[in-house]
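Participant: Input structure: target_19.txt, which contains compact mmCIF, C-alpha atoms.
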# COMPACT_ATOMS: atom_id res chain seq x y z
CA MET A 1 213.98 -16.33 295.02
CA LYS A 2 210.87 -18.44 294.44
CA VAL A 3 208.58 -18.42 291.47
CA ARG A 4 204.92 -17.95 292.29
CA SER A 5 202.27 -19.55 290.18
CA ALA A 6 198.90 -21.06 290.99
CA GLY A 7 199.23 -24.82 290.95
CA SER A 8 202.78 -24.92 292.20
CA GLY A 9 201.73 -27.49 294.74
CA ASP A 10 203.49 -25.53 297.46
CA ARG A 11 202.53 -22.37 299.24
CA ALA A 12 204.73 -19.98 297.36
CA GLY A 13 206.37 -17.42 299.51
CA GLN A 14 205.52 -19.04 302.82
CA GLY A 15 208.50 -19.22 305.06
CA SER A 16 210.50 -17.02 302.74
CA LEU A 17 211.50 -13.48 303.65
CA ARG A 18 212.11 -12.59 300.00
CA ALA A 19 209.20 -11.67 297.77
CA PRO A 20 208.47 -14.46 295.23
CA PHE A 21 208.68 -13.68 291.54
CA ASP A 22 205.06 -13.62 290.36
CA LEU A 23 205.14 -15.43 287.02
CA ASP A 24 201.33 -15.41 286.75
CA ARG A 25 201.20 -11.61 286.97
CA ALA A 26 204.11 -11.14 284.57
CA ILE A 27 202.29 -13.31 282.01
CA ALA A 28 199.00 -11.51 282.70
CA ARG A 29 200.67 -8.19 281.86
CA LEU A 30 202.06 -9.65 278.63
CA LEU A 31 198.60 -10.93 277.61
CA THR A 32 197.02 -7.56 278.38
CA LEU A 33 199.66 -5.75 276.35
CA GLY A 34 199.29 -8.14 273.39
CA THR A 35 195.49 -7.90 273.40
CA TYR A 36 195.38 -4.10 273.62
CA LEU A 37 198.04 -3.69 270.93
CA SER A 38 196.21 -6.10 268.59
CA VAL A 39 192.80 -4.50 269.15
CA LEU A 40 194.31 -1.04 268.60
CA LEU A 41 195.91 -2.11 265.29
CA LEU A 42 192.70 -3.84 264.14
CA THR A 43 190.64 -0.76 265.03
CA VAL A 44 192.99 1.50 263.04
CA GLY A 45 192.68 -0.97 260.15
CA ILE A 46 188.86 -0.93 260.29
CA VAL A 47 188.69 2.87 260.48
CA SER A 48 191.14 3.35 257.62
CA MET A 49 189.26 0.74 255.58
CA ALA A 50 186.00 2.64 256.17
CA ALA A 51 187.70 5.96 255.37
CA ALA A 52 188.76 4.48 252.03
CA GLY A 53 185.13 3.53 251.36
CA ARG A 54 185.74 -0.22 251.66
CA TRP A 55 183.71 -2.61 253.78
CA PRO A 56 183.95 -6.26 254.82
CA LEU A 57 182.88 -8.94 252.35
CA GLN A 58 183.20 -6.46 249.46
CA SER A 59 184.93 -7.56 246.33
CA PRO A 60 187.85 -7.17 245.77
CA GLY A 61 188.71 -7.98 249.37
CA VAL A 62 191.81 -7.17 251.36
CA PRO A 63 194.95 -8.58 249.68
CA GLY A 64 196.28 -11.81 251.18
CA LEU A 65 199.03 -11.92 253.78
CA ASP A 66 202.40 -11.05 252.28
CA LEU A 67 205.07 -10.46 254.89
CA ALA A 68 207.37 -8.78 252.38
CA ARG A 69 204.68 -6.20 251.57
CA LEU A 70 203.67 -5.55 255.19
CA PRO A 71 206.25 -2.80 255.99
CA GLY A 72 205.33 -0.95 252.79
CA ASP A 73 201.61 -1.18 253.56
CA LEU A 74 202.19 0.15 257.08
CA ALA A 75 204.43 2.97 255.87
CA ALA A 76 201.75 3.98 253.34
CA ALA A 77 199.02 3.64 256.05
CA ARG A 78 197.12 1.12 253.91
CA PRO A 79 194.32 -0.69 255.80
CA ALA A 80 195.71 -4.13 254.86
CA GLY A 81 198.95 -3.38 256.74
CA PHE A 82 197.19 -2.59 260.03
CA LEU A 83 194.70 -5.45 259.67
CA TRP A 84 197.35 -8.09 259.00
CA LEU A 85 199.73 -6.79 261.67
CA GLY A 86 196.87 -6.73 264.20
CA LEU A 87 195.90 -10.31 263.34
CA LEU A 88 199.52 -11.49 263.51
CA CYS A 89 199.93 -9.82 266.93
CA MET A 90 196.70 -11.41 268.12
CA ILE A 91 197.63 -14.91 266.96
CA ALA A 92 201.19 -14.55 268.31
CA THR A 93 200.12 -13.36 271.79
CA PRO A 94 199.44 -16.86 273.23
CA SER A 95 202.77 -18.12 271.87
CA ALA A 96 204.54 -15.08 273.40
CA ARG A 97 202.91 -16.08 276.68
CA VAL A 98 204.38 -19.58 276.40
CA LEU A 99 207.80 -18.12 275.55
CA ALA A 100 207.62 -15.87 278.63
CA ALA A 101 206.68 -18.87 280.78
CA LEU A 102 209.60 -20.83 279.29
CA LEU A 103 212.03 -18.06 280.28
CA GLY A 104 210.54 -17.96 283.78
CA TYR A 105 210.79 -21.72 284.24
CA LEU A 106 214.35 -21.72 282.83
CA ARG A 107 215.31 -19.03 285.31
CA PHE A 108 214.03 -21.08 288.22
CA GLY A 109 215.26 -24.44 286.97
CA GLU A 110 211.86 -26.15 286.61
CA ARG A 111 212.97 -28.69 284.05
CA SER A 112 209.66 -30.46 283.54
CA MET A 113 207.87 -27.19 282.78
CA VAL A 114 210.71 -26.16 280.48
CA VAL A 115 210.13 -29.38 278.52
CA VAL A 116 206.36 -28.71 278.40
CA SER A 117 206.90 -25.10 277.22
CA VAL A 118 209.35 -26.15 274.50
CA GLY A 119 206.91 -28.87 273.42
CA ILE A 120 204.09 -26.34 272.97
CA LEU A 121 206.32 -24.03 270.95
CA LEU A 122 207.39 -26.98 268.79
CA VAL A 123 203.74 -27.84 268.06
CA ILE A 124 203.09 -24.20 267.07
CA ALA A 125 206.21 -24.28 264.86
CA ALA A 126 204.92 -27.51 263.29
CA SER A 127 201.59 -25.77 262.56
CA VAL A 128 203.41 -22.98 260.75
CA ALA A 129 205.54 -25.48 258.80
CA ILE A 130 202.55 -27.64 257.85
CA GLY A 131 200.52 -24.57 256.91
CA LEU A 132 203.34 -23.28 254.72
CA SER A 133 203.86 -26.63 253.04
CA GLY A 134 200.10 -26.94 252.40
CA SER A 135 199.86 -23.44 250.96
CA GLY A 136 202.83 -24.12 248.74
CA ALA A 137 201.27 -27.28 247.46
CA ALA A 138 197.92 -25.65 246.82
CA MET B 1 178.78 -0.35 255.74
CA ILE B 2 175.87 -2.33 257.17
CA ALA B 3 177.93 -5.52 256.91
CA GLY B 4 180.80 -3.93 258.83
CA LEU B 5 178.55 -2.69 261.63
CA GLY B 6 176.71 -6.01 261.68
CA LEU B 7 179.99 -7.87 262.17
CA ILE B 8 181.06 -5.59 265.04
CA VAL B 9 177.66 -5.90 266.74
CA GLY B 10 177.61 -9.67 266.13
CA GLY B 11 181.12 -10.03 267.54
CA ALA B 12 180.14 -7.94 270.57
CA GLY B 13 177.04 -10.08 271.13
CA ALA B 14 179.08 -13.28 270.91
CA GLY B 15 181.72 -11.87 273.29
CA LEU B 16 179.02 -10.73 275.72
CA PHE B 17 177.13 -14.04 275.68
CA GLY B 18 180.42 -15.95 275.86
CA SER B 19 181.75 -14.11 278.88
CA LEU B 20 178.40 -14.25 280.71
CA LEU B 21 177.90 -17.96 280.10
CA GLY B 22 181.51 -19.12 280.26
CA LEU B 23 181.75 -20.10 276.58
CA GLY B 24 183.97 -18.98 273.75
CA GLY B 25 182.06 -16.98 271.14
CA GLY B 26 182.67 -19.59 268.42
CA VAL B 27 179.33 -21.36 268.83
CA LEU B 28 177.62 -18.08 267.86
CA ILE B 29 180.13 -16.55 265.45
CA VAL B 30 180.37 -19.52 263.06
CA PRO B 31 176.57 -19.81 262.52
CA MET B 32 176.25 -16.00 262.31
CA LEU B 33 178.84 -15.80 259.53
CA THR B 34 177.57 -18.80 257.58
CA LEU B 35 173.82 -18.31 257.96
CA GLY B 36 173.74 -14.51 258.29
CA PHE B 37 176.55 -13.38 255.99
CA GLY B 38 176.75 -16.36 253.61
CA MET B 39 180.41 -17.12 254.32
CA PRO B 40 181.72 -20.61 253.56
CA LEU B 41 181.88 -22.64 256.78
CA ARG B 42 185.65 -23.16 256.66
CA ASP B 43 186.29 -19.40 256.32
CA ALA B 44 183.90 -18.72 259.20
CA VAL B 45 185.82 -21.19 261.36
CA GLY B 46 189.09 -19.34 260.60
CA VAL B 47 187.56 -15.99 261.62
CA SER B 48 186.02 -17.53 264.72
CA LEU B 49 189.40 -18.86 265.88
CA VAL B 50 190.75 -15.29 265.93
CA SER B 51 187.90 -14.15 268.16
CA VAL B 52 188.51 -17.13 270.46
CA ILE B 53 192.12 -15.96 270.86
CA VAL B 54 190.89 -12.43 271.72
CA THR B 55 188.49 -13.76 274.35
CA SER B 56 191.14 -16.06 275.81
CA SER B 57 193.87 -13.42 276.05
CA ALA B 58 191.54 -10.79 277.54
CA SER B 59 190.02 -13.07 280.18
CA ALA B 60 193.12 -15.17 280.97
CA SER B 61 195.06 -12.04 281.91
CA VAL B 62 192.44 -11.29 284.60
CA TYR B 63 192.34 -14.89 285.87
CA LEU B 64 196.15 -15.06 286.09
CA GLN B 65 196.31 -11.71 287.84
CA ARG B 66 193.90 -13.06 290.46
CA HIS B 67 195.71 -16.42 290.67
CA VAL B 68 192.55 -18.34 289.78
CA ALA B 69 193.96 -20.08 286.68
CA ASN B 70 196.45 -22.90 287.24
CA LEU B 71 199.33 -22.05 284.90
CA ARG B 72 201.27 -25.31 285.31
CA LEU B 73 198.24 -27.51 284.77
CA GLY B 74 197.03 -25.35 281.87
CA MET B 75 200.39 -25.48 280.09
CA THR B 76 200.75 -29.23 280.61
CA LEU B 77 197.30 -29.91 279.16
CA GLU B 78 197.66 -27.39 276.35
CA LEU B 79 200.67 -29.26 275.01
CA PHE B 80 198.16 -31.99 274.18
CA THR B 81 195.31 -29.72 273.08
CA ALA B 82 197.71 -27.90 270.76
CA PHE B 83 198.67 -31.25 269.23
CA GLY B 84 194.97 -32.08 268.84
CA ALA B 85 194.38 -28.67 267.27
CA LEU B 86 197.17 -29.31 264.79
CA VAL B 87 195.51 -32.58 263.75
CA GLY B 88 192.07 -30.93 263.65
CA GLY B 89 193.35 -28.03 261.54
CA LEU B 90 194.55 -30.55 258.95
CA LEU B 91 191.35 -32.62 259.12
CA ALA B 92 189.28 -29.47 258.49
CA TYR B 93 190.79 -29.23 255.02
CA LEU B 94 189.98 -32.87 254.28
CA LEU B 95 186.31 -32.87 255.34
CA ASP B 96 183.60 -31.40 253.12
CA GLU B 97 181.32 -28.51 254.14
CA ARG B 98 178.30 -30.75 254.75
CA THR B 99 180.18 -32.95 257.20
CA LEU B 100 181.47 -29.88 259.04
CA ALA B 101 177.95 -28.39 259.16
CA GLY B 102 176.57 -31.67 260.51
CA LEU B 103 179.28 -31.84 263.18
CA PHE B 104 178.56 -28.25 264.13
CA ALA B 105 174.83 -28.91 264.43
CA ALA B 106 175.59 -31.87 266.74
CA LEU B 107 177.84 -29.62 268.82
CA LEU B 108 175.11 -26.97 269.13
CA ILE B 109 172.57 -29.53 270.31
CA TYR B 110 175.07 -30.83 272.87
CA VAL B 111 175.75 -27.28 274.12
CA ALA B 112 172.03 -26.46 274.31
CA ILE B 113 171.29 -29.58 276.37
CA SER B 114 174.26 -29.05 278.68
CA MET B 115 173.21 -25.41 279.19
CA LEU B 116 169.75 -26.55 280.23
CA VAL B 117 171.02 -29.00 282.84
CA ARG B 118 174.04 -26.99 283.93
CA HIS B 119 174.73 -25.98 287.52
CA ASP B 120 175.56 -22.27 287.92
CA PRO B 121 179.20 -22.08 289.01
CA ARG B 122 178.62 -18.69 290.58
CA ALA B 123 176.04 -20.10 292.96
CA GLY B 124 178.79 -21.74 294.96
CA GLY B 125 180.56 -18.45 295.50
CA GLU B 126 184.17 -18.26 296.56
CA GLY B 127 183.91 -21.39 298.63
CA ALA B 128 183.15 -23.42 295.55
CA VAL B 129 186.84 -23.52 294.69
CA ALA B 130 187.68 -25.56 297.70
CA ASN B 131 184.44 -27.48 298.01
CA ASP B 132 183.38 -28.74 294.61
CA ALA B 133 186.33 -31.06 294.14
CA GLU B 134 187.56 -32.47 297.37
CA THR B 135 190.87 -34.20 297.52
CA SER B 136 190.31 -37.92 297.70
CA ASP B 137 192.98 -39.91 299.44
CA ASP B 138 191.62 -43.19 298.11
CA GLU B 139 192.70 -42.23 294.61
CA GLU B 140 196.42 -41.88 295.17
CA PRO B 141 198.35 -41.85 291.92
CA PRO B 142 201.03 -44.48 291.28
CA SER B 143 204.31 -43.56 292.94
CA GLY B 144 205.85 -42.36 289.68
CA GLY B 145 202.99 -39.90 289.20
CA ARG B 146 203.03 -38.40 292.69
CA ASP B 147 205.55 -35.69 291.93
CA ALA B 148 203.70 -34.63 288.81
CA THR B 149 200.38 -34.67 290.64
CA ALA B 150 201.71 -32.51 293.45
CA ARG B 151 203.32 -30.09 291.02
CA LEU B 152 200.14 -29.62 289.02
CA SER B 153 197.78 -29.44 291.99
CA GLY B 154 196.77 -26.19 293.60
CA PRO B 155 195.75 -24.80 296.96
CA GLY B 156 192.88 -26.91 298.36
CA TYR B 157 192.73 -29.56 295.64
CA ARG B 158 194.78 -32.39 294.21
CA ILE B 159 194.80 -33.47 290.58
CA ARG B 160 193.85 -37.06 289.76
CA HIS B 161 193.56 -39.18 286.58
CA ILE B 162 196.20 -37.29 284.59
CA GLY B 163 196.25 -39.86 281.76
CA PRO B 164 192.55 -39.62 280.84
CA GLY B 165 192.84 -35.85 281.24
CA LEU B 166 195.59 -35.71 278.63
CA VAL B 167 193.57 -37.87 276.20
CA GLY B 168 190.53 -35.62 276.72
CA SER B 169 192.71 -32.59 276.04
CA ILE B 170 193.72 -33.99 272.65
CA GLY B 171 190.02 -34.46 271.82
CA ALA B 172 189.28 -30.88 272.88
CA GLY B 173 191.99 -29.63 270.52
CA VAL B 174 190.62 -31.60 267.55
CA VAL B 175 187.06 -30.32 268.13
CA SER B 176 188.30 -26.76 268.56
CA ALA B 177 190.21 -26.70 265.29
CA LEU B 178 187.49 -28.47 263.30
CA LEU B 179 184.65 -26.23 264.42
CA GLY B 180 186.31 -22.93 265.34
CA ILE B 181 185.36 -23.01 269.00
CA GLY B 182 187.51 -22.55 272.10
CA GLY B 183 187.00 -26.12 273.23
CA GLY B 184 186.12 -25.08 276.78
CA LEU B 185 182.99 -27.21 276.49
CA VAL B 186 185.26 -30.24 276.50
CA LYS B 187 188.14 -28.94 278.63
CA VAL B 188 186.11 -27.77 281.61
CA PRO B 189 184.29 -31.11 282.12
CA VAL B 190 187.56 -33.03 281.59
CA MET B 191 189.33 -30.99 284.27
CA ASN B 192 186.39 -30.77 286.67
CA VAL B 193 184.82 -34.22 286.43
CA ILE B 194 187.78 -36.41 285.45
CA MET B 195 190.74 -34.62 287.02
CA GLY B 196 189.05 -33.23 290.13
CA VAL B 197 189.87 -29.58 289.47
CA PRO B 198 187.42 -27.16 291.15
CA LEU B 199 184.96 -25.72 288.64
CA ARG B 200 186.06 -22.11 288.97
CA VAL B 201 189.73 -23.05 288.52
CA ALA B 202 188.83 -25.35 285.60
CA THR B 203 186.91 -22.53 283.85
CA ALA B 204 189.75 -20.04 284.38
CA THR B 205 192.42 -22.54 283.30
CA SER B 206 190.36 -23.46 280.24
CA ASN B 207 190.21 -19.76 279.31
CA LEU B 208 193.99 -19.66 279.48
CA MET B 209 194.37 -22.80 277.36
CA ILE B 210 191.98 -21.94 274.54
CA GLY B 211 194.31 -19.21 273.27
CA ILE B 212 197.07 -21.71 272.44
CA THR B 213 194.60 -24.28 271.11
CA ALA B 214 193.05 -21.71 268.79
CA SER B 215 196.36 -20.20 267.71
CA ALA B 216 197.80 -23.63 266.77
CA SER B 217 194.99 -24.11 264.26
CA ALA B 218 194.57 -20.41 263.37
CA VAL B 219 198.14 -20.46 262.05
CA ILE B 220 197.17 -23.19 259.57
CA TYR B 221 194.06 -21.27 258.46
CA LEU B 222 196.06 -18.02 258.23
CA VAL B 223 198.89 -19.44 256.15
CA ARG B 224 196.43 -21.22 253.84
CA GLY B 225 194.49 -18.00 253.24
CA GLY B 226 191.52 -19.13 255.34
CA ILE B 227 191.18 -15.90 257.36
CA ASP B 228 189.68 -12.78 255.78
CA PRO B 229 191.11 -9.84 257.80
CA SER B 230 188.28 -7.50 256.78
CA VAL B 231 185.83 -9.86 258.52
CA ALA B 232 188.08 -11.07 261.35
CA ALA B 233 189.00 -7.52 262.48
CA PRO B 234 185.47 -6.21 263.24
CA ILE B 235 184.49 -9.54 264.79
CA ALA B 236 187.61 -9.49 267.03
CA VAL B 237 187.12 -5.86 268.10
CA GLY B 238 183.44 -6.52 268.78
CA ALA B 239 184.24 -9.67 270.78
CA PHE B 240 186.79 -7.72 272.83
CA VAL B 241 184.22 -5.02 273.66
CA GLY B 242 181.49 -7.58 274.40
CA ALA B 243 183.71 -9.75 276.61
CA SER B 244 184.93 -6.69 278.55
CA LEU B 245 181.35 -5.50 279.03
CA GLY B 246 180.19 -8.98 280.04
CA SER B 247 182.83 -9.39 282.74
CA ARG B 248 181.76 -6.07 284.26
CA THR B 249 177.98 -6.67 284.17
CA ALA B 250 177.82 -10.39 284.93
CA HIS B 251 176.73 -9.86 288.53
CA ARG B 252 173.70 -7.73 287.50
CA ILE B 253 172.14 -10.13 285.02
CA ASP B 254 169.71 -12.96 285.74
CA LEU B 255 171.58 -15.89 284.26
CA ARG B 256 168.52 -18.18 284.19
CA VAL B 257 166.71 -15.88 281.73
CA LEU B 258 169.87 -15.41 279.71
CA ARG B 259 170.50 -19.14 279.58
CA LEU B 260 166.99 -19.91 278.33
CA LEU B 261 167.34 -17.24 275.65
CA PHE B 262 170.69 -18.69 274.68
CA VAL B 263 169.30 -22.22 274.48
CA GLY B 264 166.56 -20.92 272.17
CA VAL B 265 169.15 -19.28 269.90
CA LEU B 266 171.26 -22.46 269.88
CA GLY B 267 168.24 -24.64 269.11
CA TYR B 268 167.24 -22.50 266.13
CA THR B 269 170.86 -22.35 264.91
CA ALA B 270 171.23 -26.13 265.24
CA PHE B 271 168.10 -26.56 263.11
CA GLU B 272 169.48 -24.23 260.41
CA MET B 273 172.88 -25.92 260.44
CA THR B 274 171.25 -29.34 260.15
CA ARG B 275 169.29 -28.10 257.14
CA LYS B 276 172.53 -26.81 255.65
CA ALA B 277 174.20 -30.18 256.23
CA LEU B 278 171.36 -32.07 254.58
CA LEU B 279 170.60 -29.73 251.68
CA LEU B 280 174.00 -28.31 250.65
Hey, can you dump this file as structure tokens for me?
Facilitator:
Amino acid sequence: MKVRSAGSGDRAGQGSLRAPFDLDRAIARLLTLGTYLSVLLLTVGIVSMAAAGRWPLQSPGVPGLDLARLPGDLAAARPAGFLWLGLLCMIATPSARVLAALLGYLRFGERSMVVVSVGILLVIAASVAIGLSGSGAA
Amino acid sequence: MIAGLGLIVGGAGAGLFGSLLGLGGGVLIVPMLTLGFGMPLRDAVGVSLVSVIVTSSASASVYLQRHVANLRLGMTLELFTAFGALVGGLLAYLLDERTLAGLFAALLIYVAISMLVRHDPRAGGEGAVANDAETSDDEEPPSGGRDATARLSGPGYRIRHIGPGLVGSIGAGVVSALLGIGGGLVKVPVMNVIMGVPLRVATATSNLMIGITASASAVIYLVRGGIDPSVAAPIAVGAFVGASLGSRTAHRIDLRVLRLLFVGVLGYTAFEMTRKALLL
């Protein structure tokens, strides 16, 4: 089976009787899912914030991100829970796309693209680590 | 309530303009939040990065579905833009507001001028993909780079000058993280002019890349408390609606009129940001 992706430098699928695995489309579906899920969560957060009589830029604002408190906020249908989860989903969607590409390239033995994918994920991990160390120091 | 609606409408306007003109919404969202809503510039940049991710994910899914974006090339370059974004995200916390405002004003002036002299990519139609960046045999890469070049090239075009392209990608990442923009303004010319990627493929691939670039720096802003979810959420939802609307109505709108209007908005915003940089 061949992997199909624009920029493969070959004509994917040509000369092959088996349908190529379409990595581009698989990633497109993942991006669509991540975007719709994030927008849905953010919309629920906005509506529940408005229902509670709170608006953007009001003081006191939405409590800061606290992963330990997130499940409780969601269970209690607090706006902060939906807003933070929606933002986390949104920010994680591109990384999920890279992870999906990594799995695809691993499956088809494209070592150079595996290295590139791992490198991107390492940079994202470094961002999280640096952000955490900076917030701890602050 | 007015603030909430204003943010949604503002986000929608930025998403609409962005999708119609091939830009991320950051160049509009950051000035709107700082000048219109009085947010500190660094907080506005954090919010803007979220909307850039929304725009990227929504549009990249369409471009990948249609096999316009070059996934291999995009991922290779975004390794370097993500690194640049990491550096830029850290620099943003070292520079003061006036410097950031001055840099942003310079960016707006650059965008306004490039919009005025820009060729409309849609004018070339479908054929533009194959025609606007011909493969040049006189620029063969060194033997060691041939495999990589072939792997990253696409139907009808061959990549060239990978090294300068990677350096340009790092620069795009730094600018993106510092100013809360997608960085397409840097990435598209780097891919099209330096690397020989057809304009339509470069635009689509840039859309794919800006999500990772923005998320690498958004993580830093998020963890350091630089993103207010009550502001980011309406902006993101608005940008999603605006970008979706823009992609469906693009063919009905006279882009020349829109571009002139946009240049006027950018010119005024650049003036206000310059004042902010000088008077803060």
Participant: Check which residues of chain B sit at most 8 Å from chain A using all atoms listed in the file, and return one row each with the closest pair of atoms and their distance in Å to one decimal, ordered by chain and rising number, as a Markdown table.
Facilitator:
| residue | atom | partner | partner_atom | distance |
| --- | --- | --- | --- | --- |
| B:Met1 | CA | A:Trp55 | CA | 5.8 |
| B:Ala3 | CA | A:Pro56 | CA | 6.4 |
| B:Gly4 | CA | A:Pro56 | CA | 5.6 |
| B:Val50 | CA | A:Ile91 | CA | 7.0 |
| B:Ile53 | CA | A:Ile91 | CA | 6.8 |
| B:Val54 | CA | A:Thr35 | CA | 6.7 |
| B:Ser57 | CA | A:Leu31 | CA | 5.6 |
| B:Ala58 | CA | A:Thr35 | CA | 6.4 |
| B:Ala60 | CA | A:Ala28 | CA | 7.1 |
| B:Ser61 | CA | A:Ala28 | CA | 4.1 |
| B:Val62 | CA | A:Ala28 | CA | 6.8 |
| B:Leu64 | CA | A:Asp24 | CA | 5.2 |
| B:Gln65 | CA | A:Arg25 | CA | 5.0 |
| B:His67 | CA | A:Ala6 | CA | 5.6 |
| B:Val68 | CA | A:Ala6 | CA | 7.0 |
| B:Ala69 | CA | A:Ala6 | CA | 6.6 |
| B:Asn70 | CA | A:Ala6 | CA | 4.8 |
| B:Leu71 | CA | A:Ala6 | CA | 6.2 |
| B:Arg72 | CA | A:Gly7 | CA | 6.0 |
| B:Leu73 | CA | A:Gly7 | CA | 6.8 |
| B:Met75 | CA | A:Val116 | CA | 7.0 |
| B:Thr76 | CA | A:Val116 | CA | 6.1 |
| B:Glu78 | CA | A:Ile120 | CA | 7.3 |
| B:Leu79 | CA | A:Ile120 | CA | 4.9 |
| B:Ala82 | CA | A:Val123 | CA | 6.6 |
| B:Phe83 | CA | A:Val123 | CA | 6.2 |
| B:Leu86 | CA | A:Ser127 | CA | 6.1 |
| B:Ala150 | CA | A:Gly9 | CA | 5.2 |
| B:Arg151 | CA | A:Gly9 | CA | 4.8 |
| B:Leu152 | CA | A:Gly7 | CA | 5.3 |
| B:Ser153 | CA | A:Gly7 | CA | 5.0 |
| B:Gly154 | CA | A:Gly7 | CA | 3.9 |
| B:Pro155 | CA | A:Gly9 | CA | 6.9 |
| B:Gly211 | CA | A:Pro94 | CA | 5.6 |
| B:Ile212 | CA | A:Pro94 | CA | 5.5 |
| B:Ser215 | CA | A:Ile91 | CA | 5.5 |
| B:Ala216 | CA | A:Ile124 | CA | 5.3 |
| B:Ser217 | CA | A:Ser127 | CA | 7.0 |
| B:Ala218 | CA | A:Ile91 | CA | 7.2 |
| B:Val219 | CA | A:Val128 | CA | 6.0 |
| B:Ile220 | CA | A:Gly131 | CA | 4.5 |
| B:Tyr221 | CA | A:Gly131 | CA | 7.4 |
| B:Val223 | CA | A:Gly131 | CA | 5.4 |
| B:Arg224 | CA | A:Ser135 | CA | 5.0 |
| B:Gly225 | CA | A:Gly64 | CA | 6.8 |
| B:Asp228 | CA | A:Val62 | CA | 7.5 |
| B:Pro229 | CA | A:Leu83 | CA | 6.0 |
| B:Ser230 | CA | A:Pro56 | CA | 4.9 |
| B:Val231 | CA | A:Pro56 | CA | 5.5 |
| B:Ala233 | CA | A:Leu42 | CA | 5.5 |
| B:Pro234 | CA | A:Ile46 | CA | 6.9 |
| B:Ala236 | CA | A:Val39 | CA | 7.5 |
| B:Val237 | CA | A:Val39 | CA | 5.9 |
| B:Phe240 | CA | A:Val39 | CA | 7.7 |
Participant: Determine the nearest neighbour of Pro189 (chain B) from the options B:Ser176, B:Thr269, B:Ser169, B:Ser56, counting all atoms listed in the file.
Facilitator: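 Looking at the shortest contact to Pro189 (chain B), the residue is B:Ser169.
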Participant: Tell me, in Å to one decimal, how far CA of Gly74 (chain B) is from CA of Gly104 (chain A).
Facilitator: 15.5 Å
Participant: Residues at most 10 Å from Asn192 (chain B), counting only C-alpha atoms, excluding those fewer than 3 positions away in the same chain, as a list in words?
Facilitator: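 Those residues are Asp132, Ala133, Ile159, Gly165, Lys187, Val188, Pro189, Met195, Gly196, Val197, Pro198, Leu199, Arg200, Val201, Ala202 and Thr203 of chain B.
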Participant: Could you give me, as a JSON list (two decimals) with C-alpha atoms, in the coordinates of the input, the residues within 10 Å of Glu272 (chain B), counting all atoms listed in the file and dropping anything in the same chain fewer than 4 positions from it?
Facilitator:
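Heads up, here's the output in around-v9.json:
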[["chain", "number", "residue", "atom", "x", "y", "z"],
["B", 31, "PRO", "CA", 176.57, -19.81, 262.52],
["B", 35, "LEU", "CA", 173.82, -18.31, 257.96],
["B", 101, "ALA", "CA", 177.95, -28.39, 259.16],
["B", 105, "ALA", "CA", 174.83, -28.91, 264.43],
["B", 266, "LEU", "CA", 171.26, -22.46, 269.88],
["B", 267, "GLY", "CA", 168.24, -24.64, 269.11],
["B", 268, "TYR", "CA", 167.24, -22.50, 266.13],
["B", 276, "LYS", "CA", 172.53, -26.81, 255.65],
["B", 277, "ALA", "CA", 174.20, -30.18, 256.23],
["B", 278, "LEU", "CA", 171.36, -32.07, 254.58]]
Participant: Which polymer residues, protein or nucleic acid, are no farther than 12 Å from (184.5, -28.0, 264.8), counting all atoms listed in the file, as number ranges by chain?
Facilitator: B: 26-27, 30-31, 41-42, 44-46, 48-49, 84-85, 87-93, 95, 97, 99-108, 171-183, 185-186, 214, 217
Participant: Go ahead and compute the interatomic distance for CA of Gly10 (chain B) and CA of Thr34 (chain B), in Å to one decimal.
Facilitator: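 Here the two named atoms are 12.5 Å from each other.
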Participant: Separation of CA of Gly238 (chain B) and CA of Ile29 (chain B), in Å?
Facilitator: 11.1 Å
Participant: Can you fill out region 32-39 of chain A with N, CA and C atoms and hand it back as a CSV table (one decimal), in the coordinates of the input?
Facilitator:
chain,number,residue,atom,x,y,z
A,32,THR,N,197.8,-8.8,278.5
A,32,THR,CA,197.0,-7.6,278.4
A,32,THR,C,197.6,-6.7,277.3
A,33,LEU,N,199.0,-6.6,277.3
A,33,LEU,CA,199.7,-5.8,276.4
A,33,LEU,C,199.4,-6.2,274.9
A,34,GLY,N,199.5,-7.6,274.7
A,34,GLY,CA,199.3,-8.1,273.4
A,34,GLY,C,197.9,-7.9,272.9
A,35,THR,N,196.9,-8.1,273.8
A,35,THR,CA,195.5,-7.9,273.4
A,35,THR,C,195.2,-6.4,273.0
A,36,TYR,N,195.7,-5.5,273.9
A,36,TYR,CA,195.4,-4.1,273.6
A,36,TYR,C,196.1,-3.6,272.3
A,37,LEU,N,197.3,-4.1,272.1
A,37,LEU,CA,198.0,-3.7,270.9
A,37,LEU,C,197.3,-4.2,269.7
A,38,SER,N,196.9,-5.5,269.7
A,38,SER,CA,196.2,-6.1,268.6
A,38,SER,C,194.9,-5.4,268.3
A,39,VAL,N,194.1,-5.1,269.4
A,39,VAL,CA,192.8,-4.5,269.2
A,39,VAL,C,193.0,-3.1,268.6
